[in-house]
Amino acid sequence: MTAVLRARGLSVDVGARRVLHGIDLDLRAGEMLVLVGPNGAGKSTLLSVLAGDRAPAAGSLELDGAVLASWPVLERARRRSVLTQSNDVSFPFVVRDVVRMGRAPWRRHPAAARDDDAVAEAMTAGEVAAFAERPVTGLSGGERARAAFARSFAQECAIALLDEPTASLDIRHQHRVLARTRERVNAGGAAIVVLHDLGLAAAYADRIALLDGGHIAAVGPPRDVLEPGLLTRVYRHPIDVVDGPRGTLLVLADTAPLPSVDPGEPLV
Amino acid sequence: MSAALAERHPTRLSAPAARERFRAPAVFVVLAVALVALVVVSAGSGQLAIPPDQVVGAFARAWNAGVHAIGLGILSVPPGAAMEHVNGEATLWLIRMPRLLMAVLVGATLATAGVVMQGVFRNPLAEPGVIGISSGAAVGASASIVFGLGFLGSLTLPVLAFAGGLVATVIVYASARTDGRTEVVTLVLTGIAVNAVGGAAIALFTYLGSTQQREQIVFWQLGSLNGTRWDDLAIVAPLAVVGIAVCLFLAGPLDLLSLGERQAEHLGVRVERLRVIAIVVIAALTCAAVAFCGIIGFVGLVVPHLMRMLLGPGHRLLLPASALGGAVLLVAGDLVARTAVPGSELPIGMLTALIGGPFFFWLLRRTRRRSGGWG
């Protein structure tokens, strides 16, 4: 399969600190790749580099076979959509207008004919129709996140990059967001999703990349990566993985953490 | 909290679609009618009062002369009432019209610059005065007054004011940039620093100047449209028209920018380029307004906010509506400034600050209540 996004030896500095060390990662067409890892492992930084927001200190990054930086900003916006973690809108646009902004890259392009349909489908995908006419600045955190998801969904790009899209959502909408993304992937798209919930990652990912301290600790199918010993070491917390009903994987964190160990200290 | 906020705008939410659809045209029509009416009333007001029908008559004759001169006599209109006072035509065309047109241009210019600035800084409190353009211009102006500079004749002061404003803008923009990007907080804080240094420079010039020069500096800072000539208009008009036209082209990208800088870039906006264009245009617009008329504050703050309340935050409507609204506000302000105290003239900058100050305070309170401050 062809890699639509290919990173080789990516290193990234934030300030004077190196937060990513020589990351090699491929995103293939028709694949949903989920990034997991503890806080500060570099998931969001990696996603922002892949989105082109941040220039890597070393390494190469290719989008559809050409160096990412060589793509004009507008062409990038037609190939990949990005959903960031925080989505504050500075003026009180109504939700419908915000979702419609997702169509901006397709102005003066034949695909603009799909604008109305794409907006309608995206509003259904994010279930935002109920508050479509309300200013986005007056919504709850979860509603705002759904509006932002709908906006990035309306962009209808082959590649979707999503940074913790489920963070402030209830169970219904967590699954809704991932299921809609999954449908796009199955239809030939590709997605990289940052998730904290390992159970969700197991349920939706084709491959999981586990980040630890700026390195990729493991990458592969969920059953290979979600291995109790590895997770316990990376998350510094006792974690069990058991088979659930209907072929699912259940990731269980021990509710009684080791009492003698300061959670801020690395396990020895 | 969000539910409570949403319920505070029941009319906006439940308004029938038909009413929403007619809202924008209605706002534009009301503003345009108000502007024309104010121009006619203001042109007839003053020590030499001219009745409105005679003002309209004078406009009609000027229009006819104009269309005949370019061979389009077919467009001529019936000449209205003749001017009764022997000095009426002279007063109207030599003194009042240049001043009125200047008020229209300056008002439109300041309000448009305010909209673009608020959009680009993603902060509803941004205003051309905030990032130091006005005080930079004031430094240039007071330097030319105190040192009696006259190398460009009567244009020396405007040119120096313009230069001072541009220099201030470039300093703020250059020093607020890191890694090819501009952080909003840094930019606004740099603006505060530039304003402080500008204030010090103006204080120094005031200290150095003679009594008469001090008076000139003080009055320039108060702002006034008094003594506007057609020559001044010939300089301001092209800047204002081109600048406002460029701003109208920024409407789409400015909408997207309200999602955030990264988010706008993800949607294909070249954010750095947008910022550079916006900063240059804002500087040019503000300086064009400030150079001849002194500092007229808060127009760029009050008008965009009123228009946003009426029309929503979309820049495609907000920009032209604010330009029109700014013109209305300044023509009205100038009428009050000229006529409130018989035989004397109030500084218009004082009037706008008198309205703008409390408005800014109210805005501050409201924004704080809504979002608990903005970091």
# chains A, B, ... in the order shown; residues from 1 in each chain; ligands from 1

$ residues_around --residues "stretch 34-44 of chain B" --least-positions-apart "2" --cutoff "10 Å" --atoms "only C-alpha atoms" --output "VMD selection string"
chain B and resid 28 to 32 46 to 56 59 88 91 to 93 95 to 97 99 to 101 103 to 104 324 to 332 334 to 336 338 to 339

$ interface_residues --of "chain A" --to "chain B" --cutoff "7 Å" --atoms "only C-alpha atoms" --output "list in words"
Asp53, Val73, Leu74, Ala77, Ser81, Val82, Asn87, Asp88, Val89, Ser90, Phe91, Pro92, Phe93, Met101, Gly102, Ala104, Pro105, Glu133, Arg134, Gly138, Leu139 and Ser140 of chain A

$ write_last_selection --atoms "N, CA and C atoms" --output "PDB file, in the first residue's frame"
ATOM      1  N   ASP A  53       2.439  22.496  10.874  1.00  0.00           N
ATOM      2  CA  ASP A  53       2.436  23.702  11.703  1.00  0.00           C
ATOM      3  C   ASP A  53       3.822  24.022  12.226  1.00  0.00           C
ATOM      4  N   VAL A  73       0.065  26.167   0.739  1.00  0.00           N
ATOM      5  CA  VAL A  73      -0.841  26.043   1.881  1.00  0.00           C
ATOM      6  C   VAL A  73      -2.234  25.586   1.442  1.00  0.00           C
ATOM      7  N   LEU A  74      -2.712  26.143   0.322  1.00  0.00           N
ATOM      8  CA  LEU A  74      -4.067  25.801  -0.131  1.00  0.00           C
ATOM      9  C   LEU A  74      -4.144  24.340  -0.581  1.00  0.00           C
ATOM     10  N   ALA A  77      -4.420  22.159   2.303  1.00  0.00           N
ATOM     11  CA  ALA A  77      -5.752  22.219   2.902  1.00  0.00           C
ATOM     12  C   ALA A  77      -6.756  21.387   2.121  1.00  0.00           C
ATOM     13  N   SER A  81      -7.208  17.468   6.449  1.00  0.00           N
ATOM     14  CA  SER A  81      -7.871  18.340   7.415  1.00  0.00           C
ATOM     15  C   SER A  81      -7.231  18.095   8.769  1.00  0.00           C
ATOM     16  N   VAL A  82      -7.250  19.119   9.597  1.00  0.00           N
ATOM     17  CA  VAL A  82      -6.643  19.019  10.920  1.00  0.00           C
ATOM     18  C   VAL A  82      -7.664  19.461  11.955  1.00  0.00           C
ATOM     19  N   ASN A  87     -10.214  24.768  20.332  1.00  0.00           N
ATOM     20  CA  ASN A  87     -10.875  25.385  19.188  1.00  0.00           C
ATOM     21  C   ASN A  87     -11.684  26.590  19.628  1.00  0.00           C
ATOM     22  N   ASP A  88     -10.977  27.593  20.145  1.00  0.00           N
ATOM     23  CA  ASP A  88     -11.650  28.828  20.540  1.00  0.00           C
ATOM     24  C   ASP A  88     -11.879  29.693  19.309  1.00  0.00           C
ATOM     25  N   VAL A  89     -13.089  30.166  19.161  1.00  0.00           N
ATOM     26  CA  VAL A  89     -13.408  31.065  18.060  1.00  0.00           C
ATOM     27  C   VAL A  89     -13.480  32.470  18.648  1.00  0.00           C
ATOM     28  N   SER A  90     -12.819  33.434  18.006  1.00  0.00           N
ATOM     29  CA  SER A  90     -12.692  34.735  18.660  1.00  0.00           C
ATOM     30  C   SER A  90     -13.912  35.632  18.475  1.00  0.00           C
ATOM     31  N   PHE A  91     -14.781  35.311  17.530  1.00  0.00           N
ATOM     32  CA  PHE A  91     -15.987  36.125  17.364  1.00  0.00           C
ATOM     33  C   PHE A  91     -17.201  35.204  17.328  1.00  0.00           C
ATOM     34  N   PRO A  92     -18.360  35.699  17.730  1.00  0.00           N
ATOM     35  CA  PRO A  92     -19.528  34.816  17.900  1.00  0.00           C
ATOM     36  C   PRO A  92     -20.179  34.375  16.588  1.00  0.00           C
ATOM     37  N   PHE A  93     -19.449  33.641  15.762  1.00  0.00           N
ATOM     38  CA  PHE A  93     -20.042  33.051  14.565  1.00  0.00           C
ATOM     39  C   PHE A  93     -21.016  31.957  14.988  1.00  0.00           C
ATOM     40  N   MET A 101     -17.104  27.145   7.152  1.00  0.00           N
ATOM     41  CA  MET A 101     -15.709  27.567   6.964  1.00  0.00           C
ATOM     42  C   MET A 101     -14.829  26.387   6.550  1.00  0.00           C
ATOM     43  N   GLY A 102     -15.252  25.170   6.906  1.00  0.00           N
ATOM     44  CA  GLY A 102     -14.492  23.992   6.492  1.00  0.00           C
ATOM     45  C   GLY A 102     -14.438  23.840   4.985  1.00  0.00           C
ATOM     46  N   ALA A 104     -13.847  26.293   2.958  1.00  0.00           N
ATOM     47  CA  ALA A 104     -13.050  27.392   2.396  1.00  0.00           C
ATOM     48  C   ALA A 104     -11.992  26.935   1.383  1.00  0.00           C
ATOM     49  N   PRO A 105     -11.282  25.811   1.630  1.00  0.00           N
ATOM     50  CA  PRO A 105     -10.241  25.434   0.657  1.00  0.00           C
ATOM     51  C   PRO A 105     -10.793  25.124  -0.725  1.00  0.00           C
ATOM     52  N   GLU A 133     -27.825  27.285  14.855  1.00  0.00           N
ATOM     53  CA  GLU A 133     -27.977  28.735  14.733  1.00  0.00           C
ATOM     54  C   GLU A 133     -27.483  29.472  15.967  1.00  0.00           C
ATOM     55  N   ARG A 134     -26.852  28.750  16.894  1.00  0.00           N
ATOM     56  CA  ARG A 134     -26.355  29.422  18.097  1.00  0.00           C
ATOM     57  C   ARG A 134     -24.908  29.852  17.915  1.00  0.00           C
ATOM     58  N   GLY A 138     -20.952  30.597  22.727  1.00  0.00           N
ATOM     59  CA  GLY A 138     -21.826  30.360  23.871  1.00  0.00           C
ATOM     60  C   GLY A 138     -22.088  28.885  24.137  1.00  0.00           C
ATOM     61  N   LEU A 139     -21.376  27.997  23.439  1.00  0.00           N
ATOM     62  CA  LEU A 139     -21.634  26.568  23.589  1.00  0.00           C
ATOM     63  C   LEU A 139     -20.813  25.974  24.728  1.00  0.00           C
ATOM     64  N   SER A 140     -21.220  24.775  25.167  1.00  0.00           N
ATOM     65  CA  SER A 140     -20.412  24.049  26.150  1.00  0.00           C
ATOM     66  C   SER A 140     -19.177  23.484  25.453  1.00  0.00           C
TER      67      SER A 140
END

$ residues_around --residues "stretch 147-156 of chain A" --least-positions-apart "5" --cutoff "6 Å" --atoms "only C-alpha atoms" --output "list in words"
Ser81, Val99, Gly102, Arg103, Ala118, Val119, Ala122, Met123 and Gly126 of chain A

$ write_last_selection --atoms "N, CA and C atoms" --output "PDB file, in the first residue's frame"
ATOM      1  N   SER A  81      -7.208  17.468   6.449  1.00  0.00           N
ATOM      2  CA  SER A  81      -7.871  18.340   7.415  1.00  0.00           C
ATOM      3  C   SER A  81      -7.231  18.095   8.769  1.00  0.00           C
ATOM      4  N   VAL A  99     -19.083  25.605  10.522  1.00  0.00           N
ATOM      5  CA  VAL A  99     -18.974  24.370   9.748  1.00  0.00           C
ATOM      6  C   VAL A  99     -18.709  24.707   8.282  1.00  0.00           C
ATOM      7  N   GLY A 102     -15.252  25.170   6.906  1.00  0.00           N
ATOM      8  CA  GLY A 102     -14.492  23.992   6.492  1.00  0.00           C
ATOM      9  C   GLY A 102     -14.438  23.840   4.985  1.00  0.00           C
ATOM     10  N   ARG A 103     -15.344  24.490   4.287  1.00  0.00           N
ATOM     11  CA  ARG A 103     -15.363  24.392   2.826  1.00  0.00           C
ATOM     12  C   ARG A 103     -14.465  25.422   2.156  1.00  0.00           C
ATOM     13  N   ALA A 118     -21.925  18.834   1.704  1.00  0.00           N
ATOM     14  CA  ALA A 118     -20.848  18.522   2.643  1.00  0.00           C
ATOM     15  C   ALA A 118     -21.142  19.121   4.011  1.00  0.00           C
ATOM     16  N   VAL A 119     -21.665  20.345   4.016  1.00  0.00           N
ATOM     17  CA  VAL A 119     -21.990  20.984   5.295  1.00  0.00           C
ATOM     18  C   VAL A 119     -23.108  20.215   5.993  1.00  0.00           C
ATOM     19  N   ALA A 122     -21.739  16.969   7.341  1.00  0.00           N
ATOM     20  CA  ALA A 122     -20.852  17.198   8.479  1.00  0.00           C
ATOM     21  C   ALA A 122     -21.657  17.562   9.722  1.00  0.00           C
ATOM     22  N   MET A 123     -22.755  18.308   9.524  1.00  0.00           N
ATOM     23  CA  MET A 123     -23.575  18.674  10.683  1.00  0.00           C
ATOM     24  C   MET A 123     -24.269  17.448  11.243  1.00  0.00           C
ATOM     25  N   GLY A 126     -21.481  15.403  13.179  1.00  0.00           N
ATOM     26  CA  GLY A 126     -21.154  15.940  14.495  1.00  0.00           C
ATOM     27  C   GLY A 126     -22.384  16.137  15.373  1.00  0.00           C
TER      28      GLY A 126
END

$ residues_around --residues "A:Ser70" --least-positions-apart "5" --cutoff "12 Å" --atoms "only C-alpha atoms" --output "count of residues only"
9

$ atom_distance --atom1 "atom CA of B:Pro98" --atom2 "atom CA of B:Met350"
21.3 Å

$ closest_residue --among "A:His173, A:His21, A:Arg207, A:Arg146" --to "A:Gly42" --atoms "only C-alpha atoms"
A:His21

$ closest_residue --among "A:Leu83, A:Val49, A:Ala125, A:Val234" --to "A:Ala69" --atoms "only C-alpha atoms"
A:Val49

$ residues_around --residues "A:Cys157" --least-positions-apart "4" --cutoff "6 Å" --atoms "only C-alpha atoms" --output "number ranges by chain"
A: 78-81

$ closest_residue --among "B:Ile70, B:Gly148, B:Val280, B:Gly136" --to "B:Val120" --atoms "only C-alpha atoms"
B:Val280

$ residues_around --residues "A:Asn186" --least-positions-apart "4" --cutoff "10 Å" --atoms "only C-alpha atoms" --output "ChimeraX atom specification"
/A:29-32,180-182,190

$ write_last_selection --atoms "C-alpha atoms" --output "mmCIF file, in the first residue's frame"
data_model
loop_
_atom_site.group_PDB
_atom_site.id
_atom_site.type_symbol
_atom_site.label_atom_id
_atom_site.label_comp_id
_atom_site.auth_asym_id
_atom_site.auth_seq_id
_atom_site.Cartn_x
_atom_site.Cartn_y
_atom_site.Cartn_z
ATOM 1 C CA ALA A 29 -4.161 4.885 2.309
ATOM 2 C CA GLY A 30 -7.134 3.112 3.854
ATOM 3 C CA GLU A 31 -5.569 3.086 7.295
ATOM 4 C CA MET A 32 -6.501 4.568 10.656
ATOM 5 C CA ARG A 180 -17.553 8.649 11.006
ATOM 6 C CA THR A 181 -13.787 8.947 10.667
ATOM 7 C CA ARG A 182 -13.562 5.161 10.271
ATOM 8 C CA ALA A 190 -6.557 7.819 5.891
#

$ residues_around --residues "stretch 243-249 of chain A" --least-positions-apart "4" --cutoff "10 Å" --atoms "only C-alpha atoms" --output "PyMOL selection string"
chain A and resi 198-203+222-223+226

$ write_last_selection --atoms "C-alpha atoms" --output "PDB file, in the first residue's frame"
ATOM      1  CA  LEU A 198      -6.764   2.780  24.907  1.00  0.00           C
ATOM      2  CA  GLY A 199     -10.052   0.902  24.666  1.00  0.00           C
ATOM      3  CA  LEU A 200     -11.250   3.278  21.933  1.00  0.00           C
ATOM      4  CA  ALA A 201      -7.867   2.973  20.248  1.00  0.00           C
ATOM      5  CA  ALA A 202      -8.165  -0.831  20.258  1.00  0.00           C
ATOM      6  CA  ALA A 203     -11.692  -0.664  18.845  1.00  0.00           C
ATOM      7  CA  PRO A 222      -3.762  -3.172  18.440  1.00  0.00           C
ATOM      8  CA  ARG A 223      -3.245  -6.735  19.723  1.00  0.00           C
ATOM      9  CA  LEU A 226      -1.573  -3.243  23.672  1.00  0.00           C
TER      10      LEU A 226
END

$ closest_residue --among "B:Ala81, B:Ile296, B:Leu157, B:Val116" --to "B:Gly129" --atoms "only C-alpha atoms"
B:Ile296

$ select_by_dssp --residues "stretch 108-220 of chain A" --states "alpha helix (DSSP H)" --output "VMD selection string"
chain A and resid 115 to 125 141 to 154 171 to 186 198 to 204

$ select_by_dssp --residues "stretch 10-255 of chain A" --states "strand (DSSP E or B)" --output "number ranges by chain"
A: 10-14, 17-28, 32-36, 58-63, 66-67, 80-83, 94, 135, 159-163, 190-194, 207-212, 215-220, 239-243, 249-253

$ write_last_selection --atoms "C-alpha atoms" --output "mmCIF file, in the first residue's frame"
data_model
loop_
_atom_site.group_PDB
_atom_site.id
_atom_site.type_symbol
_atom_site.label_atom_id
_atom_site.label_comp_id
_atom_site.auth_asym_id
_atom_site.auth_seq_id
_atom_site.Cartn_x
_atom_site.Cartn_y
_atom_site.Cartn_z
ATOM 1 C CA LEU A 10 11.773 13.309 12.404
ATOM 2 C CA SER A 11 13.307 15.182 15.320
ATOM 3 C CA VAL A 12 11.593 18.184 16.802
ATOM 4 C CA ASP A 13 12.808 20.804 19.258
ATOM 5 C CA VAL A 14 10.478 22.923 21.344
ATOM 6 C CA ARG A 17 14.360 20.821 24.432
ATOM 7 C CA ARG A 18 14.190 17.939 21.973
ATOM 8 C CA VAL A 19 10.723 16.425 22.288
ATOM 9 C CA LEU A 20 10.771 13.973 19.363
ATOM 10 C CA HIS A 21 13.737 11.780 18.496
ATOM 11 C CA GLY A 22 14.062 10.324 15.016
ATOM 12 C CA ILE A 23 10.471 9.290 14.391
ATOM 13 C CA ASP A 24 9.810 6.987 11.431
ATOM 14 C CA LEU A 25 6.140 6.692 10.605
ATOM 15 C CA ASP A 26 4.034 5.888 7.557
ATOM 16 C CA LEU A 27 0.339 6.554 7.104
ATOM 17 C CA ARG A 28 -1.041 4.321 4.372
ATOM 18 C CA MET A 32 -6.501 4.568 10.656
ATOM 19 C CA LEU A 33 -3.413 5.088 12.765
ATOM 20 C CA VAL A 34 -3.915 5.973 16.412
ATOM 21 C CA LEU A 35 -1.239 7.720 18.452
ATOM 22 C CA VAL A 36 -1.273 6.902 22.148
ATOM 23 C CA ALA A 58 15.815 17.073 11.385
ATOM 24 C CA GLY A 59 14.260 14.443 9.184
ATOM 25 C CA SER A 60 11.992 14.447 6.180
ATOM 26 C CA LEU A 61 8.260 14.555 5.759
ATOM 27 C CA GLU A 62 6.367 13.713 2.595
ATOM 28 C CA LEU A 63 2.714 14.250 1.733
ATOM 29 C CA ALA A 66 6.296 15.214 -2.294
ATOM 30 C CA VAL A 67 8.045 17.095 0.497
ATOM 31 C CA ARG A 80 -5.578 16.944 4.744
ATOM 32 C CA SER A 81 -7.871 18.340 7.415
ATOM 33 C CA VAL A 82 -6.643 19.019 10.920
ATOM 34 C CA LEU A 83 -8.668 19.059 14.111
ATOM 35 C CA VAL A 94 -23.020 30.697 14.564
ATOM 36 C CA PRO A 135 -23.120 31.404 18.428
ATOM 37 C CA ILE A 159 -6.229 12.586 5.070
ATOM 38 C CA ALA A 160 -7.647 13.540 8.475
ATOM 39 C CA LEU A 161 -5.449 14.476 11.412
ATOM 40 C CA LEU A 162 -7.340 14.612 14.708
ATOM 41 C CA ASP A 163 -5.822 15.608 18.028
ATOM 42 C CA ALA A 190 -6.557 7.819 5.891
ATOM 43 C CA ALA A 191 -6.495 9.208 9.408
ATOM 44 C CA ILE A 192 -4.130 9.791 12.281
ATOM 45 C CA VAL A 193 -5.955 10.190 15.579
ATOM 46 C CA VAL A 194 -4.457 11.036 18.943
ATOM 47 C CA ARG A 207 -2.425 0.268 13.793
ATOM 48 C CA ILE A 208 -1.460 1.894 17.056
ATOM 49 C CA ALA A 209 1.742 3.858 17.593
ATOM 50 C CA LEU A 210 2.717 4.052 21.253
ATOM 51 C CA LEU A 211 4.877 7.066 22.029
ATOM 52 C CA ASP A 212 7.109 7.274 25.049
ATOM 53 C CA HIS A 215 10.359 7.809 20.837
ATOM 54 C CA ILE A 216 8.015 5.324 19.252
ATOM 55 C CA ALA A 217 7.949 2.485 21.782
ATOM 56 C CA ALA A 218 5.876 0.221 19.576
ATOM 57 C CA VAL A 219 3.829 0.391 16.420
ATOM 58 C CA GLY A 220 1.550 -2.250 14.956
ATOM 59 C CA ILE A 239 -2.360 -2.070 33.212
ATOM 60 C CA ASP A 240 -4.092 -5.287 32.188
ATOM 61 C CA VAL A 241 -5.453 -6.189 28.768
ATOM 62 C CA VAL A 242 -8.198 -8.785 28.541
ATOM 63 C CA ASP A 243 -10.460 -10.067 25.789
ATOM 64 C CA LEU A 249 -9.989 -5.748 23.752
ATOM 65 C CA LEU A 250 -10.483 -4.309 27.219
ATOM 66 C CA VAL A 251 -7.675 -2.258 28.691
ATOM 67 C CA LEU A 252 -7.960 -2.166 32.462
ATOM 68 C CA ALA A 253 -5.912 0.112 34.670
#
